[in-house]
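Source file: run17.txt. Holds: compact mmCIF, C-alpha atoms.
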# COMPACT_ATOMS: atom_id res chain seq x y z
CA MET C 915 -25.62 83.01 -150.35
CA THR C 916 -26.21 85.78 -147.90
CA SER C 917 -26.87 84.63 -144.32
CA PRO C 918 -30.32 85.62 -143.04
CA TYR C 919 -28.80 86.46 -139.63
CA ARG C 920 -26.45 89.05 -141.16
CA VAL C 921 -29.35 90.73 -142.89
CA ALA C 922 -31.30 90.83 -139.62
CA ILE C 923 -28.41 92.48 -137.77
CA PHE C 924 -27.75 95.29 -140.20
CA ALA C 925 -31.28 95.95 -141.36
CA PRO C 926 -32.53 99.30 -139.96
CA VAL C 927 -35.53 99.17 -137.61
CA ARG C 928 -38.16 101.76 -138.36
CA ALA C 929 -40.42 102.49 -135.39
CA PRO C 930 -43.50 104.66 -135.71
CA ALA C 931 -42.93 108.28 -134.71
CA TRP C 932 -45.63 108.19 -132.02
CA THR C 933 -43.84 105.24 -130.30
CA VAL C 934 -40.55 107.14 -130.06
CA LEU C 935 -42.33 110.22 -128.71
CA ALA C 936 -44.10 108.16 -126.02
CA LEU C 937 -40.80 106.62 -124.84
CA LEU C 938 -39.15 110.04 -124.59
CA LEU C 939 -42.01 111.47 -122.52
CA ALA C 940 -42.08 108.46 -120.18
CA ALA C 941 -38.32 108.57 -119.42
CA PRO C 942 -37.34 110.68 -116.36
CA PRO C 943 -35.12 113.70 -117.02
CA LEU C 944 -31.38 113.14 -116.79
CA ALA C 945 -30.98 115.63 -113.92
CA ALA C 946 -33.54 113.71 -111.86
CA GLN C 947 -31.74 110.40 -112.50
CA GLN C 948 -28.41 111.80 -111.29
CA GLN C 949 -29.74 113.72 -108.26
CA PRO C 950 -28.15 112.35 -105.04
CA ALA C 951 -30.24 111.17 -102.13
CA ALA C 952 -30.99 113.71 -99.39
CA PRO C 953 -28.48 113.57 -96.52
CA PRO C 954 -29.66 112.08 -93.21
CA ALA C 955 -30.84 114.45 -90.51
CA VAL C 956 -28.06 115.57 -88.17
CA GLN C 957 -28.76 115.36 -84.44
CA THR C 958 -27.85 118.29 -82.24
CA THR C 959 -24.58 117.61 -80.42
CA GLY C 960 -25.07 117.05 -76.72
CA SER C 961 -28.88 116.78 -76.86
CA ALA C 962 -28.75 113.42 -75.04
CA TYR C 963 -26.30 114.68 -72.38
CA HIS C 964 -27.61 114.45 -68.81
CA LEU C 965 -27.13 117.76 -67.01
CA ARG C 966 -25.11 117.86 -63.78
CA PRO C 967 -24.67 120.32 -60.91
CA GLY C 968 -22.06 122.91 -61.82
CA ASP C 969 -22.92 122.85 -65.53
CA ILE C 970 -23.73 126.09 -67.30
CA VAL C 971 -26.37 126.09 -70.01
CA ARG C 972 -26.55 128.72 -72.72
CA ILE C 973 -30.25 129.32 -73.46
CA THR C 974 -31.34 131.32 -76.48
CA VAL C 975 -34.96 132.30 -77.09
CA TRP C 976 -35.08 133.88 -80.52
CA GLY C 977 -36.37 137.43 -80.40
CA GLN C 978 -36.49 137.45 -76.57
CA GLU C 979 -33.23 138.74 -75.10
CA ALA C 980 -34.68 138.90 -71.59
CA TYR C 981 -35.00 135.11 -71.61
CA SER C 982 -31.62 134.42 -73.20
CA GLY C 983 -28.24 134.03 -71.54
CA GLN C 984 -26.06 131.69 -69.51
CA PHE C 985 -27.56 129.99 -66.47
CA GLU C 986 -25.72 127.89 -63.89
CA ILE C 987 -27.11 124.70 -62.37
CA ASP C 988 -26.54 124.86 -58.61
CA GLU C 989 -25.27 122.10 -56.34
CA HIS C 990 -28.84 120.83 -55.87
CA GLY C 991 -29.43 120.50 -59.60
CA MET C 992 -31.76 123.52 -59.76
CA LEU C 993 -31.76 126.10 -62.53
CA ALA C 994 -33.37 129.49 -61.88
CA TYR C 995 -35.00 130.72 -65.09
CA PRO C 996 -36.93 133.99 -65.61
CA GLY C 997 -40.67 133.67 -66.10
CA ILE C 998 -40.69 130.01 -65.08
CA GLY C 999 -38.82 129.85 -61.78
CA ASP C 1000 -36.67 127.02 -60.48
CA ILE C 1001 -36.34 124.01 -62.77
CA ASN C 1002 -35.15 120.70 -61.35
CA THR C 1003 -32.65 119.47 -63.92
CA GLY C 1004 -31.94 116.21 -62.09
CA ALA C 1005 -31.88 113.34 -64.64
CA LEU C 1006 -32.91 115.72 -67.44
CA THR C 1007 -31.18 115.63 -70.81
CA VAL C 1008 -30.48 118.79 -72.76
CA SER C 1009 -33.36 118.09 -75.15
CA GLU C 1010 -35.76 117.46 -72.23
CA LEU C 1011 -34.76 120.74 -70.60
CA ARG C 1012 -35.25 122.57 -73.90
CA GLU C 1013 -38.75 121.12 -74.24
CA GLN C 1014 -39.65 122.00 -70.64
CA ILE C 1015 -38.53 125.61 -71.13
CA ARG C 1016 -40.41 125.84 -74.42
CA LYS C 1017 -43.65 124.65 -72.81
CA GLY C 1018 -43.20 127.05 -69.92
CA LEU C 1019 -42.67 130.01 -72.23
CA GLU C 1020 -45.78 129.16 -74.24
CA THR C 1021 -47.79 130.61 -71.35
CA ILE C 1022 -46.03 133.95 -71.90
CA PHE C 1023 -45.84 134.28 -75.72
CA ASN C 1024 -46.72 132.23 -78.76
CA SER C 1025 -44.45 129.72 -80.50
CA PRO C 1026 -41.16 130.29 -78.65
CA PHE C 1027 -38.09 128.97 -80.45
CA VAL C 1028 -35.59 127.74 -77.84
CA THR C 1029 -32.05 126.39 -78.11
CA VAL C 1030 -30.06 124.99 -75.18
CA SER C 1031 -26.30 124.33 -75.24
CA PRO C 1032 -24.50 122.77 -72.24
CA GLN C 1033 -21.17 124.13 -71.02
CA PHE C 1034 -18.68 122.54 -68.61
CA ARG C 1035 -16.67 124.33 -65.94
CA VAL C 1036 -13.28 122.66 -65.59
CA ALA C 1037 -9.98 123.71 -64.05
CA VAL C 1038 -6.80 123.55 -66.12
CA LEU C 1039 -3.79 123.28 -63.82
CA GLY C 1040 -0.15 122.30 -63.83
CA THR C 1041 2.47 123.34 -66.37
CA VAL C 1042 0.31 125.60 -68.55
CA GLN C 1043 0.57 129.27 -69.46
CA ARG C 1044 -2.64 130.45 -67.75
CA PRO C 1045 -3.92 127.97 -65.14
CA GLY C 1046 -7.44 128.61 -63.93
CA LEU C 1047 -11.13 127.78 -64.21
CA TYR C 1048 -12.63 127.70 -67.72
CA THR C 1049 -16.13 127.39 -69.15
CA VAL C 1050 -15.84 125.08 -72.14
CA ASP C 1051 -18.03 123.40 -74.72
CA PRO C 1052 -18.35 119.60 -74.31
CA THR C 1053 -17.51 119.16 -78.01
CA LEU C 1054 -13.93 120.34 -77.37
CA SER C 1055 -11.06 117.91 -76.91
CA VAL C 1056 -8.58 117.86 -74.03
CA LEU C 1057 -5.98 119.53 -76.24
CA ASP C 1058 -8.49 122.27 -77.11
CA VAL C 1059 -9.04 122.97 -73.41
CA VAL C 1060 -5.29 123.09 -72.74
CA ALA C 1061 -5.01 125.54 -75.64
CA LEU C 1062 -7.57 127.81 -73.93
CA ALA C 1063 -5.15 127.96 -71.00
CA GLY C 1064 -2.42 129.19 -73.34
CA GLY C 1065 -1.02 125.75 -74.07
CA PRO C 1066 1.70 123.92 -72.15
CA ALA C 1067 4.39 126.00 -70.49
CA THR C 1068 8.08 125.17 -70.85
CA GLY C 1069 8.57 121.58 -69.79
CA GLY C 1070 4.88 120.67 -69.95
CA ASN C 1071 4.20 117.02 -70.73
CA LEU C 1072 1.06 116.63 -72.87
CA ASN C 1073 1.47 112.85 -72.96
CA GLY C 1074 1.07 112.71 -69.20
CA VAL C 1075 -2.13 114.77 -68.87
CA LYS C 1076 -4.25 113.64 -65.92
CA LEU C 1077 -7.90 114.03 -64.99
CA LEU C 1078 -8.52 114.72 -61.28
CA ARG C 1079 -11.92 114.00 -59.78
CA GLY C 1080 -12.73 113.53 -56.11
CA GLY C 1081 -9.06 113.17 -55.22
CA GLN C 1082 -8.50 110.39 -57.76
CA ALA C 1083 -6.24 110.82 -60.78
CA THR C 1084 -6.73 109.18 -64.17
CA ARG C 1085 -4.13 109.46 -66.91
CA LEU C 1086 -5.47 110.57 -70.28
CA ARG C 1087 -3.26 108.96 -72.90
CA LEU C 1088 -3.19 111.25 -75.93
CA GLU C 1089 -0.83 109.10 -78.01
CA GLY C 1090 -3.01 106.69 -80.00
CA GLY C 1091 -5.81 107.15 -77.51
CA ILE C 1092 -8.29 109.93 -76.71
CA LYS C 1093 -6.47 112.68 -78.63
CA GLY C 1094 -9.38 113.42 -80.97
CA HIS C 1095 -12.22 112.56 -78.60
CA THR C 1096 -14.48 115.20 -77.08
CA LEU C 1097 -14.83 115.95 -73.38
CA GLU C 1098 -18.32 114.42 -73.44
CA GLU C 1099 -17.03 111.23 -75.05
CA ILE C 1100 -14.21 110.92 -72.51
CA GLY C 1101 -16.59 111.48 -69.61
CA VAL C 1102 -15.30 114.84 -68.39
CA HIS C 1103 -17.87 117.00 -66.59
CA SER C 1104 -18.06 120.14 -64.49
CA GLY C 1105 -15.81 120.21 -61.44
CA ASP C 1106 -13.07 118.07 -62.98
CA GLN C 1107 -9.46 119.19 -63.11
CA ILE C 1108 -7.21 118.69 -66.14
CA VAL C 1109 -3.57 118.70 -65.03
CA VAL C 1110 -0.57 119.01 -67.34
CA PRO C 1111 2.47 117.63 -65.45
CA HIS C 1112 6.08 118.71 -65.83
CA LYS C 1113 8.42 116.55 -67.88
CA PHE C 1114 10.78 114.53 -65.74
CA LEU C 1115 13.72 115.21 -68.06
CA SER C 1116 12.99 118.43 -69.86
CA ARG C 1117 15.66 120.46 -71.64
CA ASP C 1118 15.78 122.91 -68.75
CA ASN C 1119 16.16 120.11 -66.23
CA VAL C 1120 19.03 118.56 -68.22
CA PHE C 1121 20.74 121.97 -68.52
CA LEU C 1122 20.37 122.56 -64.78
CA PHE C 1123 21.70 119.08 -64.03
CA LEU C 1124 24.78 119.69 -66.20
CA GLN C 1125 25.44 122.99 -64.47
CA VAL C 1126 25.22 121.36 -61.04
CA LEU C 1127 27.48 118.54 -62.23
CA GLN C 1128 30.04 121.00 -63.58
CA ILE C 1129 30.08 122.90 -60.31
CA ALA C 1130 30.48 119.64 -58.38
CA VAL C 1131 33.41 118.60 -60.55
CA SER C 1132 35.02 122.00 -60.12
CA VAL C 1133 34.65 121.81 -56.35
CA ALA C 1134 36.15 118.29 -56.32
CA VAL C 1135 39.16 119.41 -58.38
CA LEU C 1136 39.77 122.38 -56.11
CA ALA C 1137 39.53 120.16 -53.05
CA LYS C 1138 42.28 117.88 -54.40
CA LEU C 1139 44.53 120.82 -55.18
CA TYR C 1140 44.34 122.17 -51.69
Could you spell out this file's structure in structure tokens?
Amino acid sequence: MTSPYRVAIFAPVRAPAWTVLALLLAAPPLAAQQQPAAPPAVQTTGSAYHLRPGDIVRITVWGQEAYSGQFEIDEHGMLAYPGIGDINTGALTVSELREQIRKGLETIFNSPFVTVSPQFRVAVLGTVQRPGLYTVDPTLSVLDVVALAGGPATGGNLNGVKLLRGGQATRLRLEGGIKGHTLEEIGVHSGDQIVVPHKFLSRDNVFLFLQVLQIAVSVAVLAKLY
């Protein structure tokens, strides 16, 4: 005897045509089901950075070249800006300065679009190709800044890089440490000095030492002969 359950499994189900059509219309399209979620909004790098004396800010007002350019914050924390005058940047973040400039320019023309990017002024010294003062972006790393100075010269020790501030030196360990961190993350700011020291036992030093040793041995041999 045929099992009733086997008949129920293999028996075709006939649904009314209008039911199938309703289900197809109610289902969302396949493209909409597979569409990924929108990415989160990205914050502007450095917008929360507190400006310091000696910093340089690059201000761009779209469509207004007379109000765009690089402006230095003096030792008193003041920034002289055309059309607005002196702006006290003390305790201001980059985003707060941008908003203050935007409001000030609204009295001159409608709907100004303003961007503000901070720049640091740091000295790169020591065993590098081109030591000097550089204006750098805070998103750069220490190695990026050394590269701006032409990279380490012969005998330069990148693993012994030091940060000088107010006469105090702090070693910046690049091996397994701050190698990929930005200047802002490390805490570097305008007026600091990045120093690349000379290796204690570089190839040149070893070669010079061997030459001196050879000369000393030669002198000692000649002294015994005479």
Exercise for review: Grab the CA of His964 in chain C to CA of Gly991 in chain C distance for me, in Å with one decimal place.
Suggested key: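 These two atoms are separated by 11.2 Å.
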Check your understanding: Given the choices C:Ala994, C:Leu1057, C:Ile1022, C:Leu1011, which gets closest to Asn1071 in chain C if the distance is worked out from only C-alpha atoms?
Key -> C:Leu1057
Exercise for review: Name all residues at most 9 Å from range 967-976 of chain C (count all atoms listed in the file; drop same-chain ones fewer than 3 positions away) and give them as a ChimeraX atom specification.
Suggested key: /C:979-992,1003-1004,1008,1012,1016,1026-1035,1049,1103-1105
Exercise for review: Point out the residue among C:Ala1061, C:Leu1054, C:Leu1047, C:Ile998 with the least atom-to-atom distance to Glu1098 in chain C, counting all atoms listed in the file.
Suggested key: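 Distance minimum relative to Glu1098 in chain C lands on C:Leu1054.
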Exercise for review: Find the distance between CA of Ser1009 in chain C and CA of His1095 in chain C and write it in Å to one decimal.
Suggested key: 22.1 Å
Exercise for review: Could you check which of C:Asn1073, C:Ser1055, C:Gln1014, C:Thr1021 is closest to Val1110 in chain C, using only C-alpha atoms?
Suggested key: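 Closest to Val1110 in chain C of all the choices is C:Asn1073.
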Review point. Which residue out of C:Thr1007, C:Asn1024, C:Thr1041, C:Thr1096 has the minimum interatomic distance to Val1075 in chain C when only C-alpha atoms are used?
Key: C:Thr1041
Practice item. Could you tell me how far CA of Ile1092 in chain C lies from CA of Glu1010 in chain C, in Å and to one decimal? Key: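 Atom-to-atom, CA of Ile1092 in chain C and CA of Glu1010 in chain C are spaced 28.8 Å apart.
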Just need the box for range 1067-1081 of chain C, edges along x, y and z, holding every atom the file lists for it with 3 Å tacked onto each side, so centre and edge lengths in Å to one decimal, as lines of an AutoDock Vina configuration file.
center_x = -2.1
center_y = 119.4
center_z = -64.1
size_x = 27.3
size_y = 19.3
size_z = 23.7
**Study point:** Shortest interatomic distance to Ile1108 in chain C - which of C:Val1042, C:Ala1005, C:Leu1077, C:Ala962, counting all atoms listed in the file
**Key:**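 Answer, going by the shortest atom-to-atom distance: C:Leu1077.
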**Study point:** Counting all atoms listed in the file, the option among C:Asp1000, C:Leu1019, C:Ala1067, C:Gly1101 closest to Lys1113 in chain C
**Key:**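 Residue with the minimum atom-to-atom distance to Lys1113 in chain C: C:Ala1067.
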Practice item. Would you be able to write out as an MDAnalysis selection string which residues have an atom within 6 Å of (-12.8, 121.3, -60.9) in the file's coordinates, counting all atoms listed in the file? Key: chainID C and resid 1036:1037 1105:1107
Point to revise | Selection: 8 Å around Leu1072 in chain C, only C-alpha atoms, excl. self and same-chain fewer than 6 positions, as a list in words | key: Pro1066, Leu1088, Val1110 and Pro1111 of chain C
